[in-house]
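Down below is the structure, laid out as structure tokens.
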Amino acid sequence: MASPLHLYLLGSFRLLHRNEVVKGFDQARLQELLAYLLLHRGSPIPRQQLAFFFWLDSTEEQARTNLRNLWHRLRRALPDADQLLITDELTVQWRGEDACWSDVAAFEAGLQQARAKADIDGQIAALEEAVATYGGELLPGCYSDWLLAERDRLAQAYGVAREQLAALHEARRDYRQAIGHAQALLRHDPLHEPAYAQLMRLHALNDDRAAALHTYHTCVTVLRRELDVAPSGATRELYERLLNVKPQPVAPAQTEAAIPLMGREAEWAQLLRAWREARGRPGLALIAGEAGIGKTRLAEALVEWVGRQGIPRIGKL
């Protein structure tokens, strides 16, 4: 059965009860209290801790009085408060996991499900569901110290999820989907230089050299304007390699290399992971197995993947 209460904390504050907006939550401090309870759901919270976090500059007595007043307002405004809140003389606790859906809880649950999945498709599905619930920063109009830390934590988790989705779609050789996630990551964090490098590579893999070079110039402009720094040596090296990549004579959809490696997605992802972990150091990957199972095709795909990024190869298959 669907939860009657829906709480949105990401991007903006909204509280709905049976699809109707719940009134009485206009004050930022009341929104923060509800957010704190939700983010620390599942365990009792000492009243003294709440009073300290919310009224740092007040005396202990005044902070406790403020908390009692705010708690009274919360119970009056929150539908079915007795089902959602547990209180005693020393602690308070949120117990509304079943009675209240929240975007924060759904986002974190999606990330946890992705970590538990062993297959690429399962990881992608869980991460896609997670990022879809992330509507923006946690309570962007509130600036309490404790909330700023939670806001940064969730924002970083969202960025990592987008980065993982780009890498997973790259492992499936679905470069367009990977590009979309890399672009979403840069919209979320325009100063994250590794995302520019990731997007440059993906454009190159998708045979769009012009877009790859344009991404580099955007990176240069943004970093110079916002931080007064230049891209790292690794990003500049990638750019210089891509300058020397010759355009592919045939569209990706028409080449054998663009055909998915059916039944070898896990091995392909393992090869890409080994390549990234090497980071320019010497390494060896051995593709072993019976004749006719696709070892050569897998090796050819890796050579093509490397070549599209302007990385020279030595020897031949």
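Following the order of the structure tokens, chains are lettered A, B, ..., residues in each are numbered from 1, and ligands are numbered from 1.
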Would you list the contacts of Gln177 of chain A as a PDB file with N, CA and C atoms, in the first residue's frame, taking every protein, DNA or RNA residue within 12 Å and counting only C-alpha atoms, but skipping same-chain residues closer than 4 positions in sequence?
```pdb
ATOM      1  N   ILE A 124      22.654  -0.504 -13.042  1.00  0.00           N
ATOM      2  CA  ILE A 124      22.141   0.641 -13.798  1.00  0.00           C
ATOM      3  C   ILE A 124      20.713   0.962 -13.385  1.00  0.00           C
ATOM      4  N   GLU A 128      19.739   4.458 -11.763  1.00  0.00           N
ATOM      5  CA  GLU A 128      18.823   5.322 -12.516  1.00  0.00           C
ATOM      6  C   GLU A 128      17.644   5.740 -11.638  1.00  0.00           C
ATOM      7  N   ARG A 162      26.089   9.511 -10.776  1.00  0.00           N
ATOM      8  CA  ARG A 162      26.121   9.896 -12.190  1.00  0.00           C
ATOM      9  C   ARG A 162      27.409   9.405 -12.854  1.00  0.00           C
ATOM     10  N   GLU A 163      28.519   9.533 -12.136  1.00  0.00           N
ATOM     11  CA  GLU A 163      29.801   9.078 -12.672  1.00  0.00           C
ATOM     12  C   GLU A 163      29.778   7.568 -12.899  1.00  0.00           C
ATOM     13  N   GLN A 164      29.208   6.838 -11.952  1.00  0.00           N
ATOM     14  CA  GLN A 164      29.108   5.385 -12.086  1.00  0.00           C
ATOM     15  C   GLN A 164      28.209   5.004 -13.253  1.00  0.00           C
ATOM     16  N   LEU A 165      27.103   5.717 -13.418  1.00  0.00           N
ATOM     17  CA  LEU A 165      26.199   5.419 -14.533  1.00  0.00           C
ATOM     18  C   LEU A 165      26.892   5.640 -15.868  1.00  0.00           C
ATOM     19  N   ALA A 166      27.670   6.708 -15.970  1.00  0.00           N
ATOM     20  CA  ALA A 166      28.408   6.950 -17.212  1.00  0.00           C
ATOM     21  C   ALA A 166      29.377   5.803 -17.481  1.00  0.00           C
ATOM     22  N   ALA A 167      30.076   5.347 -16.442  1.00  0.00           N
ATOM     23  CA  ALA A 167      31.031   4.253 -16.609  1.00  0.00           C
ATOM     24  C   ALA A 167      30.328   2.939 -16.950  1.00  0.00           C
ATOM     25  N   LEU A 168      29.181   2.678 -16.328  1.00  0.00           N
ATOM     26  CA  LEU A 168      28.451   1.437 -16.600  1.00  0.00           C
ATOM     27  C   LEU A 168      27.902   1.418 -18.020  1.00  0.00           C
ATOM     28  N   HIS A 169      27.356   2.541 -18.473  1.00  0.00           N
ATOM     29  CA  HIS A 169      26.872   2.591 -19.857  1.00  0.00           C
ATOM     30  C   HIS A 169      28.033   2.506 -20.839  1.00  0.00           C
ATOM     31  N   GLU A 170      29.181   3.061 -20.459  1.00  0.00           N
ATOM     32  CA  GLU A 170      30.366   2.906 -21.312  1.00  0.00           C
ATOM     33  C   GLU A 170      30.753   1.436 -21.406  1.00  0.00           C
ATOM     34  N   ALA A 171      30.658   0.723 -20.289  1.00  0.00           N
ATOM     35  CA  ALA A 171      30.978  -0.703 -20.295  1.00  0.00           C
ATOM     36  C   ALA A 171      30.036  -1.478 -21.214  1.00  0.00           C
ATOM     37  N   ARG A 172      28.817  -0.983 -21.366  1.00  0.00           N
ATOM     38  CA  ARG A 172      27.859  -1.609 -22.289  1.00  0.00           C
ATOM     39  C   ARG A 172      28.019  -1.075 -23.702  1.00  0.00           C
ATOM     40  N   ARG A 173      28.940  -0.129 -23.883  1.00  0.00           N
ATOM     41  CA  ARG A 173      29.216   0.520 -25.163  1.00  0.00           C
ATOM     42  C   ARG A 173      28.025   1.342 -25.649  1.00  0.00           C
ATOM     43  N   HIS A 181      24.776  11.050 -18.913  1.00  0.00           N
ATOM     44  CA  HIS A 181      25.054  11.067 -17.473  1.00  0.00           C
ATOM     45  C   HIS A 181      26.269  11.932 -17.151  1.00  0.00           C
ATOM     46  N   ALA A 182      27.281  11.913 -18.007  1.00  0.00           N
ATOM     47  CA  ALA A 182      28.441  12.779 -17.780  1.00  0.00           C
ATOM     48  C   ALA A 182      28.045  14.249 -17.875  1.00  0.00           C
ATOM     49  N   GLN A 183      27.168  14.570 -18.811  1.00  0.00           N
ATOM     50  CA  GLN A 183      26.689  15.952 -18.931  1.00  0.00           C
ATOM     51  C   GLN A 183      25.863  16.352 -17.712  1.00  0.00           C
ATOM     52  N   ALA A 184      25.044  15.431 -17.216  1.00  0.00           N
ATOM     53  CA  ALA A 184      24.259  15.715 -16.006  1.00  0.00           C
ATOM     54  C   ALA A 184      25.174  15.959 -14.815  1.00  0.00           C
ATOM     55  N   LEU A 199      33.818  13.072 -20.110  1.00  0.00           N
ATOM     56  CA  LEU A 199      32.961  13.445 -21.229  1.00  0.00           C
ATOM     57  C   LEU A 199      33.761  13.545 -22.523  1.00  0.00           C
ATOM     58  N   LEU A 202      34.222  10.046 -23.792  1.00  0.00           N
ATOM     59  CA  LEU A 202      32.973   9.461 -24.289  1.00  0.00           C
ATOM     60  C   LEU A 202      32.606  10.025 -25.649  1.00  0.00           C
ATOM     61  N   HIS A 203      32.781  11.322 -25.835  1.00  0.00           N
ATOM     62  CA  HIS A 203      32.532  11.904 -27.157  1.00  0.00           C
ATOM     63  C   HIS A 203      33.466  11.281 -28.195  1.00  0.00           C
ATOM     64  N   ASN A 206      32.341   7.967 -29.133  1.00  0.00           N
ATOM     65  CA  ASN A 206      31.133   8.077 -29.956  1.00  0.00           C
ATOM     66  C   ASN A 206      31.437   8.711 -31.313  1.00  0.00           C
TER      67      ASN A 206
END
```
For this session: Could you please write out, as a ChimeraX atom specification, every residue of segment 9-234 of chain A that DSSP assigns to helix (DSSP H, G or I)?
Result: /A:28-39,47-54,60-77,81-84,103-116,120-133,145-171,175-188,193-205,209-227,233-234
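Taking only C-alpha atoms, the non-local environment of segment 217-219 of chain A within 8 Å (same-chain residues fewer than 6 positions away omitted) comprises Glu193, Tyr196 and Pro231 of chain A.
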Deliver the residues from the most recent selection as a file, using N, CA and C atoms, as a tab-separated table (two decimals), in the first residue's frame.
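result.tsv, freshly written:
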```tsv
chain	number	residue	atom	x	y	z
A	193	GLU	N	36.66	18.66	-12.59
A	193	GLU	CA	37.47	18.45	-13.79
A	193	GLU	C	37.46	17.01	-14.31
A	196	TYR	N	34.90	16.43	-16.96
A	196	TYR	CA	35.21	16.93	-18.30
A	196	TYR	C	36.04	15.91	-19.07
A	231	PRO	N	43.52	23.42	-16.60
A	231	PRO	CA	43.29	21.99	-16.44
A	231	PRO	C	44.58	21.26	-16.07
```
